[in-house]
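Text of the file data20.txt, holding compact mmCIF, C-alpha atoms:
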```txt
# COMPACT_ATOMS: atom_id res chain seq x y z
CA MET A 1 39.56 -31.21 8.16
CA LYS A 2 39.02 -33.47 5.22
CA THR A 3 38.77 -31.59 1.91
CA ILE A 4 37.11 -33.05 -1.18
CA HIS A 5 36.54 -31.84 -4.73
CA PRO A 6 34.40 -32.69 -7.78
CA THR A 7 36.79 -35.43 -8.93
CA GLU A 8 36.01 -37.24 -5.67
CA TRP A 9 32.21 -36.99 -5.76
CA GLN A 10 31.99 -37.68 -9.48
CA LYS A 11 33.27 -41.16 -8.60
CA MET A 12 30.44 -41.71 -6.09
CA ASP A 13 27.50 -43.94 -6.90
CA LYS A 14 24.50 -41.78 -7.92
CA ARG A 15 22.40 -42.78 -4.90
CA VAL A 16 25.30 -42.16 -2.48
CA ARG A 17 25.99 -38.73 -3.99
CA THR A 18 22.29 -37.81 -3.76
CA THR A 19 22.21 -38.80 -0.08
CA PHE A 20 25.37 -36.82 0.66
CA PHE A 21 24.45 -33.58 -1.11
CA ASN A 22 20.91 -33.55 0.24
CA LEU A 23 22.35 -33.68 3.77
CA LEU A 24 24.78 -30.83 3.11
CA SER A 25 21.97 -28.28 2.86
CA GLY A 26 21.19 -28.93 6.53
CA PHE A 27 17.88 -28.97 8.39
CA LYS A 28 14.49 -28.13 6.90
CA SER A 29 10.84 -28.49 7.75
CA PRO A 30 9.17 -31.38 5.97
CA VAL A 31 5.78 -30.27 4.64
CA LEU A 32 2.97 -31.96 2.78
CA ILE A 33 1.66 -30.02 -0.20
CA GLY A 34 -2.01 -30.63 -0.99
CA THR A 35 -3.47 -30.10 -4.46
CA ILE A 36 -6.45 -31.19 -6.51
CA SER A 37 -6.64 -31.97 -10.23
CA LYS A 38 -9.12 -30.53 -12.72
CA SER A 39 -11.01 -33.82 -12.53
CA GLY A 40 -11.14 -33.70 -8.73
CA SER A 41 -8.37 -36.16 -7.74
CA THR A 42 -6.59 -35.03 -4.59
CA ASN A 43 -2.82 -35.22 -4.24
CA LEU A 44 -0.49 -34.95 -1.26
CA ALA A 45 3.29 -34.78 -1.75
CA LEU A 46 6.24 -34.42 0.61
CA PHE A 47 8.67 -31.52 0.18
CA SER A 48 11.61 -30.38 2.27
CA SER A 49 12.59 -27.29 0.31
CA LEU A 50 10.28 -24.66 1.78
CA VAL A 51 11.87 -21.22 1.81
CA HIS A 52 10.71 -17.83 3.09
CA ILE A 53 10.69 -15.24 0.31
CA GLY A 54 8.91 -12.30 1.88
CA ALA A 55 6.51 -11.15 4.60
CA ASN A 56 4.70 -8.35 2.78
CA PRO A 57 3.10 -9.78 0.73
CA PRO A 58 3.69 -13.15 2.45
CA LEU A 59 5.51 -15.28 -0.12
CA LEU A 60 6.86 -18.82 0.18
CA GLY A 61 8.88 -20.83 -2.29
CA PHE A 62 9.66 -24.49 -2.80
CA ILE A 63 11.76 -26.45 -5.27
CA LEU A 64 10.12 -28.87 -7.67
CA ARG A 65 12.29 -31.49 -9.37
CA PRO A 66 11.69 -32.07 -13.06
CA THR A 67 11.16 -35.83 -12.93
CA THR A 68 9.34 -37.01 -9.83
CA VAL A 69 5.87 -37.71 -8.51
CA ALA A 70 5.83 -33.98 -7.85
CA ARG A 71 4.72 -33.50 -11.45
CA HIS A 72 1.17 -34.14 -10.24
CA THR A 73 1.65 -31.32 -7.78
CA TYR A 74 2.93 -29.06 -10.55
CA GLN A 75 0.12 -29.84 -12.97
CA ASN A 76 -2.52 -29.35 -10.30
CA ILE A 77 -1.08 -26.01 -9.23
CA MET A 78 -0.98 -24.84 -12.83
CA ASP A 79 -4.54 -26.02 -13.46
CA THR A 80 -6.18 -24.69 -10.29
CA GLY A 81 -3.84 -21.90 -9.14
CA SER A 82 -4.00 -23.08 -5.52
CA TYR A 83 -2.21 -25.38 -3.10
CA THR A 84 -1.89 -25.96 0.61
CA ILE A 85 1.27 -26.31 2.73
CA ASN A 86 0.79 -28.50 5.80
CA HIS A 87 3.43 -28.76 8.53
CA ILE A 88 3.99 -32.17 10.05
CA THR A 89 4.54 -33.37 13.59
CA GLU A 90 6.18 -36.21 15.46
CA SER A 91 2.95 -38.22 15.29
CA LEU A 92 2.61 -37.55 11.56
CA PHE A 93 6.07 -37.84 10.01
CA GLN A 94 5.96 -41.56 9.20
CA LYS A 95 2.72 -41.17 7.24
CA GLY A 96 4.10 -37.97 5.77
CA HIS A 97 7.24 -39.73 4.56
CA GLN A 98 5.05 -42.31 2.81
CA ALA A 99 3.67 -39.45 0.67
CA SER A 100 7.09 -39.29 -1.02
CA ALA A 101 6.32 -42.62 -2.74
CA LYS A 102 5.52 -42.50 -6.45
CA TYR A 103 1.80 -43.25 -6.58
CA PRO A 104 -0.06 -43.27 -9.91
CA GLU A 105 -1.85 -40.06 -10.85
CA ASP A 106 -5.34 -41.39 -10.13
CA VAL A 107 -4.41 -42.57 -6.64
CA SER A 108 -5.06 -40.15 -3.77
CA GLU A 109 -2.26 -40.17 -1.20
CA PHE A 110 -4.89 -39.15 1.37
CA GLU A 111 -6.74 -42.43 0.90
CA GLU A 112 -3.71 -44.65 0.34
CA ILE A 113 -1.88 -43.44 3.43
CA GLY A 114 -4.91 -42.95 5.64
CA LEU A 115 -4.92 -39.19 6.08
CA ASP A 116 -7.89 -36.84 6.08
CA SER A 117 -8.51 -33.94 3.74
CA GLU A 118 -10.38 -30.83 4.79
CA TYR A 119 -11.68 -27.92 2.75
CA THR A 120 -12.34 -24.30 3.55
CA SER A 121 -13.76 -21.44 1.53
CA PHE A 122 -10.14 -20.92 0.34
CA GLY A 123 -10.30 -23.99 -1.95
CA PRO A 124 -10.20 -25.86 -4.19
CA ALA A 125 -6.96 -27.36 -2.80
CA PRO A 126 -7.36 -29.79 0.13
CA TYR A 127 -5.79 -29.24 3.53
CA LEU A 128 -4.35 -32.06 5.61
CA LYS A 129 -6.72 -32.23 8.56
CA GLU A 130 -4.12 -33.80 10.89
CA SER A 131 -1.68 -30.89 10.41
CA PRO A 132 -1.51 -28.28 13.20
CA ILE A 133 -0.35 -25.46 10.91
CA ARG A 134 -1.79 -25.20 7.42
CA LEU A 135 -1.31 -22.52 4.83
CA GLY A 136 -3.45 -21.90 1.74
CA LEU A 137 -1.52 -20.37 -1.17
CA ARG A 138 -2.23 -19.02 -4.61
CA PHE A 139 0.43 -19.59 -7.26
CA VAL A 140 2.35 -16.41 -8.14
CA GLU A 141 5.34 -17.25 -10.36
CA GLU A 142 7.83 -19.94 -11.30
CA HIS A 143 11.51 -19.84 -12.17
CA ILE A 144 13.26 -22.63 -14.02
CA ILE A 145 16.82 -23.25 -12.84
CA GLN A 146 18.77 -23.47 -16.09
CA ALA A 147 21.54 -25.59 -14.58
CA ASN A 148 19.36 -28.65 -13.93
CA GLY A 149 15.75 -27.98 -14.93
CA THR A 150 14.30 -27.80 -11.41
CA ARG A 151 11.72 -25.10 -10.65
CA LEU A 152 11.35 -22.56 -7.89
CA MET A 153 7.62 -22.26 -7.29
CA VAL A 154 6.50 -19.05 -5.59
CA GLY A 155 3.12 -18.60 -3.93
CA GLU A 156 1.33 -16.04 -1.78
CA VAL A 157 -0.22 -17.07 1.52
CA MET A 158 -3.98 -16.38 1.42
CA GLU A 159 -5.16 -18.32 4.48
CA ILE A 160 -3.56 -19.60 7.69
CA GLN A 161 -4.96 -22.17 10.09
CA TYR A 162 -3.42 -22.89 13.48
CA PRO A 163 -4.62 -24.25 16.82
CA GLU A 164 -6.81 -21.97 18.96
CA GLU A 165 -4.51 -22.69 21.91
CA MET A 166 -1.28 -21.71 20.09
CA VAL A 167 0.18 -18.67 21.83
CA VAL A 168 1.16 -15.92 19.39
CA GLU A 169 2.77 -12.88 21.02
CA GLU A 170 3.80 -9.99 18.82
CA GLY A 171 3.88 -12.40 15.87
CA TRP A 172 6.10 -14.91 17.67
CA PHE A 173 5.24 -18.49 18.56
CA ASP A 174 7.33 -21.50 19.57
CA PRO A 175 7.20 -24.15 16.79
CA THR A 176 8.24 -26.84 19.29
CA SER A 177 4.98 -26.27 21.20
CA LEU A 178 3.23 -27.90 18.23
CA GLY A 179 5.56 -30.91 18.01
CA LEU A 180 6.81 -29.99 14.55
CA VAL A 181 9.72 -32.11 13.30
CA GLY A 182 12.78 -31.28 11.22
CA VAL A 183 14.35 -33.25 8.40
CA ALA A 184 17.85 -33.46 6.95
CA GLY A 185 18.43 -34.99 3.57
CA LEU A 186 15.78 -37.24 2.12
CA GLU A 187 15.02 -39.43 5.09
CA THR A 188 16.37 -38.42 8.49
CA TYR A 189 13.95 -36.84 10.96
CA PHE A 190 14.64 -34.87 14.13
CA THR A 191 12.80 -33.39 17.06
CA LEU A 192 13.72 -29.84 18.01
CA HIS A 193 14.45 -28.38 21.41
CA TYR A 194 14.34 -24.68 22.16
CA LEU A 195 17.81 -23.26 22.66
CA ASP A 196 17.52 -19.47 22.68
CA ARG A 197 15.74 -16.50 21.19
CA LEU A 198 18.29 -13.82 20.35
CA PRO A 199 17.64 -10.07 20.12
CA TYR A 200 17.84 -8.17 16.83
CA ALA A 201 21.58 -7.83 16.15
CA ARG A 202 23.16 -4.37 15.96
CA PRO A 203 26.76 -3.47 15.09
CA MET B 1 -8.51 -24.26 14.47
CA LYS B 2 -8.18 -20.52 14.16
CA THR B 3 -8.38 -19.32 10.54
CA ILE B 4 -7.02 -15.96 9.41
CA HIS B 5 -6.90 -14.10 6.09
CA PRO B 6 -5.06 -11.16 4.45
CA THR B 7 -7.43 -8.61 6.02
CA GLU B 8 -6.20 -9.79 9.43
CA TRP B 9 -2.45 -9.70 8.77
CA GLN B 10 -2.60 -6.47 6.80
CA LYS B 11 -3.61 -4.85 10.10
CA MET B 12 -0.50 -6.20 11.84
CA ASP B 13 2.44 -3.95 12.64
CA LYS B 14 5.21 -4.50 10.03
CA ARG B 15 7.67 -5.99 12.54
CA VAL B 16 5.03 -8.33 13.99
CA ARG B 17 4.01 -9.54 10.53
CA THR B 18 7.66 -10.13 9.58
CA THR B 19 8.19 -12.21 12.74
CA PHE B 20 5.05 -14.23 12.12
CA PHE B 21 5.60 -15.04 8.44
CA ASN B 22 9.26 -15.88 8.90
CA LEU B 23 8.23 -18.49 11.50
CA LEU B 24 5.60 -20.02 9.22
CA SER B 25 8.23 -21.40 6.84
CA GLY B 26 9.46 -23.64 9.65
CA PHE B 27 12.94 -24.83 10.56
CA LYS B 28 16.09 -24.13 8.58
CA SER B 29 19.84 -24.33 9.01
CA PRO B 30 21.43 -21.00 9.79
CA VAL B 31 24.60 -20.59 7.71
CA LEU B 32 27.27 -17.94 7.41
CA ILE B 33 28.15 -16.95 3.87
CA GLY B 34 31.72 -15.77 3.39
CA THR B 35 32.78 -13.50 0.53
CA ILE B 36 35.56 -11.09 -0.35
CA SER B 37 35.37 -7.80 -2.24
CA LYS B 38 37.48 -6.79 -5.23
CA SER B 39 39.55 -4.64 -2.88
CA GLY B 40 40.09 -7.52 -0.46
CA SER B 41 37.56 -6.74 2.33
CA THR B 42 36.10 -9.93 3.76
CA ASN B 43 32.40 -10.26 4.56
CA LEU B 44 30.40 -12.77 6.59
CA ALA B 45 26.58 -12.71 6.56
CA LEU B 46 23.90 -14.84 8.18
CA PHE B 47 21.30 -16.59 6.02
CA SER B 48 18.56 -19.05 6.87
CA SER B 49 17.22 -19.71 3.39
CA LEU B 50 19.54 -22.44 2.15
CA VAL B 51 17.79 -24.83 -0.20
CA HIS B 52 18.91 -27.99 -2.00
CA ILE B 53 18.51 -27.67 -5.76
CA GLY B 54 20.30 -30.70 -7.11
CA ALA B 55 22.92 -33.37 -6.42
CA ASN B 56 24.40 -33.80 -9.91
CA PRO B 57 25.81 -31.25 -10.38
CA PRO B 58 25.59 -30.30 -6.68
CA LEU B 59 23.60 -27.06 -6.59
CA LEU B 60 22.47 -24.99 -3.61
CA GLY B 61 20.29 -21.91 -3.54
CA PHE B 62 19.64 -19.12 -1.07
CA ILE B 63 17.38 -16.09 -1.01
CA LEU B 64 18.85 -12.60 -1.00
CA ARG B 65 16.65 -9.71 0.07
CA PRO B 66 16.85 -6.53 -1.99
CA THR B 67 17.58 -4.08 0.82
CA THR B 68 19.81 -5.49 3.53
CA VAL B 69 23.44 -5.82 4.53
CA ALA B 70 23.39 -8.81 2.22
CA ARG B 71 24.04 -6.46 -0.65
CA HIS B 72 27.72 -6.74 0.22
CA THR B 73 27.37 -10.46 -0.19
CA TYR B 74 25.67 -9.98 -3.55
CA GLN B 75 28.24 -7.52 -4.89
CA ASN B 76 31.13 -9.70 -3.77
CA ILE B 77 29.65 -12.81 -5.38
CA MET B 78 29.09 -10.92 -8.62
CA ASP B 79 32.63 -9.48 -8.56
CA THR B 80 34.53 -12.63 -7.64
CA GLY B 81 32.19 -15.48 -8.68
CA SER B 82 32.83 -17.36 -5.45
CA TYR B 83 31.43 -17.71 -1.92
CA THR B 84 31.56 -20.10 1.00
CA ILE B 85 28.68 -21.59 3.01
CA ASN B 86 29.60 -22.38 6.60
CA HIS B 87 27.29 -24.36 8.90
CA ILE B 88 27.08 -23.25 12.50
CA THR B 89 26.99 -25.09 15.79
CA GLU B 90 25.70 -24.68 19.31
CA SER B 91 28.98 -23.03 20.33
CA LEU B 92 28.88 -20.70 17.34
CA PHE B 93 25.28 -19.54 16.90
CA GLN B 94 25.50 -16.43 19.13
CA LYS B 95 28.46 -15.08 17.17
CA GLY B 96 26.78 -16.20 13.97
CA HIS B 97 23.62 -14.27 14.84
CA GLN B 98 25.72 -11.15 15.36
CA ALA B 99 26.72 -11.41 11.67
CA SER B 100 23.13 -10.42 10.82
CA ALA B 101 23.88 -6.88 12.05
CA LYS B 102 24.25 -4.18 9.42
CA TYR B 103 27.96 -3.39 9.49
CA PRO B 104 29.43 -0.82 7.08
CA GLU B 105 30.95 -2.18 3.89
CA ASP B 106 34.56 -1.64 4.96
CA VAL B 107 34.08 -3.50 8.25
CA SER B 108 34.92 -7.21 8.28
CA GLU B 109 32.44 -9.23 10.31
CA PHE B 110 35.27 -11.71 10.95
CA GLU B 111 37.23 -9.08 12.88
CA GLU B 112 34.27 -7.32 14.49
CA ILE B 113 32.73 -10.51 15.84
CA GLY B 114 35.96 -12.33 16.60
CA LEU B 115 35.83 -15.17 14.11
CA ASP B 116 38.67 -16.59 12.02
CA SER B 117 38.87 -16.76 8.25
CA GLU B 118 40.69 -19.51 6.42
CA TYR B 119 41.62 -19.87 2.78
CA THR B 120 42.18 -22.86 0.55
CA SER B 121 43.20 -23.19 -3.07
CA PHE B 122 39.45 -22.85 -3.86
CA GLY B 123 39.52 -19.08 -3.09
CA PRO B 124 39.27 -16.18 -3.20
CA ALA B 125 36.28 -16.37 -0.78
CA PRO B 126 37.13 -16.91 2.91
CA TYR B 127 35.91 -19.88 4.92
CA LEU B 128 34.86 -19.60 8.56
CA LYS B 129 37.55 -21.56 10.38
CA GLU B 130 35.29 -22.37 13.36
CA SER B 131 32.67 -24.08 11.16
CA PRO B 132 32.68 -27.91 11.10
CA ILE B 133 31.15 -28.14 7.60
CA ARG B 134 32.16 -25.65 4.95
CA LEU B 135 31.27 -25.56 1.28
CA GLY B 136 33.02 -23.58 -1.45
CA LEU B 137 30.71 -22.53 -4.29
CA ARG B 138 30.98 -20.85 -7.64
CA PHE B 139 28.06 -18.63 -8.68
CA VAL B 140 25.90 -20.20 -11.41
CA GLU B 141 22.73 -18.14 -11.92
CA GLU B 142 20.29 -15.76 -10.25
CA HIS B 143 16.53 -15.38 -10.51
CA ILE B 144 14.72 -12.23 -9.46
CA ILE B 145 11.35 -12.87 -7.82
CA GLN B 146 9.07 -10.40 -9.60
CA ALA B 147 6.59 -10.24 -6.71
CA ASN B 148 8.99 -8.58 -4.26
CA GLY B 149 12.43 -8.09 -5.83
CA THR B 150 14.24 -10.77 -3.79
CA ARG B 151 16.75 -12.99 -5.56
CA LEU B 152 17.30 -16.71 -5.67
CA MET B 153 21.06 -17.18 -5.92
CA VAL B 154 22.19 -20.54 -7.29
CA GLY B 155 25.72 -21.90 -6.91
CA GLU B 156 27.60 -25.10 -7.59
CA VAL B 157 29.55 -26.79 -4.81
CA MET B 158 33.23 -26.99 -5.81
CA GLU B 159 34.84 -27.91 -2.48
CA ILE B 160 33.67 -29.51 0.77
CA GLN B 161 35.46 -29.52 4.11
CA TYR B 162 34.35 -31.61 7.06
CA PRO B 163 35.97 -33.13 10.14
CA GLU B 164 38.28 -36.12 9.61
CA GLU B 165 36.36 -37.95 12.35
CA MET B 166 32.91 -37.43 10.78
CA VAL B 167 31.51 -40.83 9.83
CA VAL B 168 30.12 -40.90 6.29
CA GLU B 169 28.56 -44.21 5.28
CA GLU B 170 27.15 -44.56 1.78
CA GLY B 171 26.87 -40.79 1.65
CA TRP B 172 24.98 -40.56 4.95
CA PHE B 173 26.10 -38.77 8.10
CA ASP B 174 24.30 -37.61 11.24
CA PRO B 175 24.25 -33.77 11.36
CA THR B 176 23.61 -33.87 15.12
CA SER B 177 27.04 -35.50 15.60
CA LEU B 178 28.52 -32.12 14.65
CA GLY B 179 26.33 -30.07 17.00
CA LEU B 180 24.66 -28.17 14.15
CA VAL B 181 21.73 -25.98 15.24
CA GLY B 182 18.43 -25.15 13.58
CA VAL B 183 16.67 -21.80 13.35
CA ALA B 184 13.03 -20.76 12.94
CA GLY B 185 12.15 -17.25 11.92
CA LEU B 186 14.75 -14.56 12.33
CA GLU B 187 15.95 -15.26 15.84
CA THR B 188 14.92 -18.53 17.48
CA TYR B 189 17.52 -21.30 17.67
CA PHE B 190 17.08 -24.99 18.40
CA THR B 191 19.17 -28.07 19.01
CA LEU B 192 18.19 -31.19 17.10
CA HIS B 193 17.76 -34.72 18.36
CA TYR B 194 17.78 -37.75 16.10
CA LEU B 195 14.31 -39.24 15.74
CA ASP B 196 14.42 -41.77 12.92
CA ARG B 197 15.87 -42.57 9.54
CA LEU B 198 13.12 -43.87 7.27
CA PRO B 199 13.56 -46.16 4.26
CA TYR B 200 12.89 -44.99 0.70
CA ALA B 201 9.09 -44.91 0.41
CA ARG B 202 7.34 -47.15 -2.12
CA PRO B 203 3.62 -47.28 -2.95
```

How does the structure come out when it is put into structure tokens?
Amino acid sequence: MKTIHPTEWQKMDKRVRTTFFNLLSGFKSPVLIGTISKSGSTNLALFSSLVHIGANPPLLGFILRPTTVARHTYQNIMDTGSYTINHITESLFQKGHQASAKYPEDVSEFEEIGLDSEYTSFGPAPYLKESPIRLGLRFVEEHIIQANGTRLMVGEVMEIQYPEEMVVEEGWFDPTSLGLVGVAGLETYFTLHYLDRLPYARP
Amino acid sequence: MKTIHPTEWQKMDKRVRTTFFNLLSGFKSPVLIGTISKSGSTNLALFSSLVHIGANPPLLGFILRPTTVARHTYQNIMDTGSYTINHITESLFQKGHQASAKYPEDVSEFEEIGLDSEYTSFGPAPYLKESPIRLGLRFVEEHIIQANGTRLMVGEVMEIQYPEEMVVEEGWFDPTSLGLVGVAGLETYFTLHYLDRLPYARP
């Protein structure tokens, strides 16, 4: 094994170090977060930091960096209290990745990228119509990471939309049946293939 | 699309709801977290909530539930200030899953499951020798989620170990070259297949 320490990565170029450390956290699900501003501008932003926080009540978290396009997402969540989390598929990931570009505040990523918004009674946040699994959340709490100023945003799931034909048995479904993709780091996408479903582990 | 609301999932059996909401956060990397107690007992616990928090300094987070075996992990991190994060592969995930069982505090998962610990000068936390990518972290800060009492644990990467033969170019490597697996929910494992590496998105 090769072993490296801070003295070695402190010498790395900033972009190289960012690439490397983003990959070290492994695989995630890329999701598009939909919000709307007080003045009615819609926003769609790519995140790969979704984390399960609890099932009862159903809570999800994601990490918001202090200085990115994601500030629109943050402001909209604070102003409206709602946002949507939209999973993305193999036919959607290229357009989804484009939503990580830094568009001006008055530009809707839906229009620029050619994606469709959809609204339910959950509102006011827009869903991504092309997404096969969409969650509507209300903002619950935020935690600022002192070490670097990023935020953990915590929300409660208030609405779930999924395909009529998706088979859910005892709460379980196969995410590969929907063509969902995975992502590692900032830019590398993967398809997933079912390996095994293991029983609850006992000593 | 099928649309459901809290009234529908509040009727679900607790275990069914837990299965369902864990799956809704999508794919993650299962990792084994290695710690050691003040009295020298080693501990290895399975987590699937790893999240990238920053690259400079390199920070990683994970979610710790209030009432699980993971309390050993928590106490050990608090007592020693250090822990290791060990990625797991296709040949390792069954043993790794077994580390989610609730063993008594004085039982070492390394011995019970048949896995090997390894120490470096980073210590005192043990690495999982069988893991192809291992990170040594020092505890930085914790945040308690008010809504359900779970904790976000934040640590700084202080040491990285990876195979000599792993190709790292400009900070990038292919995680599938190491046979790393993905997980969705509490129990369903996947292999990953490279799809595409997309360029930095610009408006």

Check: which chain B residues lie within 6 Å of chain A using all atoms listed in the file, as a ChimeraX atom specification: /B:1-5,16,18-21,25-29,49,51-52,55,98,101,103,158-164,170-172,187-198,201-203

Let me have the centre and edge lengths of the axis-aligned box enclosing all listed atoms of stretch 10-29 of chain A with 4 Å padding on every side, in Å to one decimal, as lines of an AutoDock Vina configuration file.
```
center_x = 22.1
center_y = -36.0
center_z = -0.5
size_x = 30.4
size_y = 23.8
size_z = 25.9
```

One decimal, in Å: what's the spacing between atom CA of B:Thr35 and atom CA of B:Ile77? 6.7 Å

Taking 2 positions as the minimum chain separation for residues in the same chain, which residues sit within 7 Å of A:Ser117 when counting all atoms listed in the file? Answer as an NGL selection string. :A and (110 or 115 or 119 or 126-129)

Produce a file of the selected residues containing C-alpha atoms, as a PDB file, keeping the file's coordinate frame.
```
ATOM      1  CA  PHE A 110      -4.890 -39.150   1.370  1.00  0.00           C
ATOM      2  CA  LEU A 115      -4.920 -39.190   6.080  1.00  0.00           C
ATOM      3  CA  TYR A 119     -11.680 -27.920   2.750  1.00  0.00           C
ATOM      4  CA  PRO A 126      -7.360 -29.790   0.130  1.00  0.00           C
ATOM      5  CA  TYR A 127      -5.790 -29.240   3.530  1.00  0.00           C
ATOM      6  CA  LEU A 128      -4.350 -32.060   5.610  1.00  0.00           C
ATOM      7  CA  LYS A 129      -6.720 -32.230   8.560  1.00  0.00           C
TER       8      LYS A 129
END
```

Would you work out the distance separating atom CA of A:Tyr83 from atom CA of A:Val167, expressed in Å to one decimal? 25.9 Å

In Å and to one decimal, atom CA of B:Glu118 is distant from atom CA of B:Ser177 by 22.9 Å

Excluding A:Ile33 and residues on its chain fewer than 3 positions from it, collect all residues at most 7 Å away from it, counting all atoms listed in the file, and give them as a PyMOL selection string. chain A and resi 44-46+83-86

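Among the candidate residues A:Ser108, A:Asn76, A:Asn43, A:Thr89, the one lying nearest to A:Leu178 is A:Thr89, with distances computed using only C-alpha atoms.
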
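Proximity ranking of A:Gly34, A:Lys11, A:Gly179, A:Arg138 relative to A:Asp116 places A:Gly34 first, based on only C-alpha atoms.
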
Export N, CA and C atoms of stretch 87-106 of chain A from the structure just given, as a CSV table (one decimal), in the first residue's frame?
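Printed below is result-v3.csv as written:
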```
chain,number,residue,atom,x,y,z
A,87,HIS,N,-34.4,12.2,-8.2
A,87,HIS,CA,-33.3,11.3,-8.6
A,87,HIS,C,-33.1,11.2,-10.1
A,88,ILE,N,-31.9,10.9,-10.6
A,88,ILE,CA,-31.7,11.0,-12.0
A,88,ILE,C,-31.2,9.6,-12.6
A,89,THR,N,-31.5,9.5,-13.9
A,89,THR,CA,-31.3,8.2,-14.5
A,89,THR,C,-30.3,8.3,-15.6
A,90,GLU,N,-30.0,7.1,-16.2
A,90,GLU,CA,-29.0,7.0,-17.3
A,90,GLU,C,-29.4,8.0,-18.5
A,91,SER,N,-30.7,8.2,-18.7
A,91,SER,CA,-31.1,9.0,-19.8
A,91,SER,C,-31.1,10.5,-19.4
A,92,LEU,N,-30.8,10.8,-18.2
A,92,LEU,CA,-31.0,12.1,-17.6
A,92,LEU,C,-29.7,12.7,-17.1
A,93,PHE,N,-28.6,11.9,-16.9
A,93,PHE,CA,-27.5,12.4,-16.1
A,93,PHE,C,-26.7,13.5,-16.9
A,94,GLN,N,-26.7,13.4,-18.2
A,94,GLN,CA,-25.9,14.5,-18.9
A,94,GLN,C,-26.6,15.8,-18.7
A,95,LYS,N,-27.9,15.9,-18.8
A,95,LYS,CA,-28.6,17.1,-18.6
A,95,LYS,C,-28.5,17.5,-17.1
A,96,GLY,N,-28.5,16.5,-16.3
A,96,GLY,CA,-28.4,16.8,-14.8
A,96,GLY,C,-27.1,17.4,-14.5
A,97,HIS,N,-26.0,16.9,-15.1
A,97,HIS,CA,-24.7,17.4,-14.8
A,97,HIS,C,-24.6,18.9,-15.2
A,98,GLN,N,-25.3,19.2,-16.3
A,98,GLN,CA,-25.2,20.6,-16.8
A,98,GLN,C,-25.8,21.5,-15.7
A,99,ALA,N,-26.7,21.0,-14.9
A,99,ALA,CA,-27.3,21.9,-13.8
A,99,ALA,C,-26.3,22.2,-12.7
A,100,SER,N,-25.0,21.7,-12.8
A,100,SER,CA,-24.0,22.1,-11.9
A,100,SER,C,-23.3,23.4,-12.4
A,101,ALA,N,-23.6,23.8,-13.6
A,101,ALA,CA,-23.0,25.1,-14.1
A,101,ALA,C,-23.5,26.3,-13.3
A,102,LYS,N,-22.7,27.3,-13.2
A,102,LYS,CA,-23.1,28.5,-12.5
A,102,LYS,C,-23.9,29.5,-13.3
A,103,TYR,N,-25.2,29.3,-13.4
A,103,TYR,CA,-26.0,30.2,-14.1
A,103,TYR,C,-26.4,31.4,-13.2
A,104,PRO,N,-26.7,32.5,-13.9
A,104,PRO,CA,-27.1,33.7,-13.1
A,104,PRO,C,-28.4,33.4,-12.4
A,105,GLU,N,-28.7,34.2,-11.4
A,105,GLU,CA,-29.9,34.0,-10.5
A,105,GLU,C,-31.2,34.0,-11.3
A,106,ASP,N,-31.3,34.9,-12.3
A,106,ASP,CA,-32.5,35.0,-13.0
A,106,ASP,C,-32.7,34.0,-14.1
```
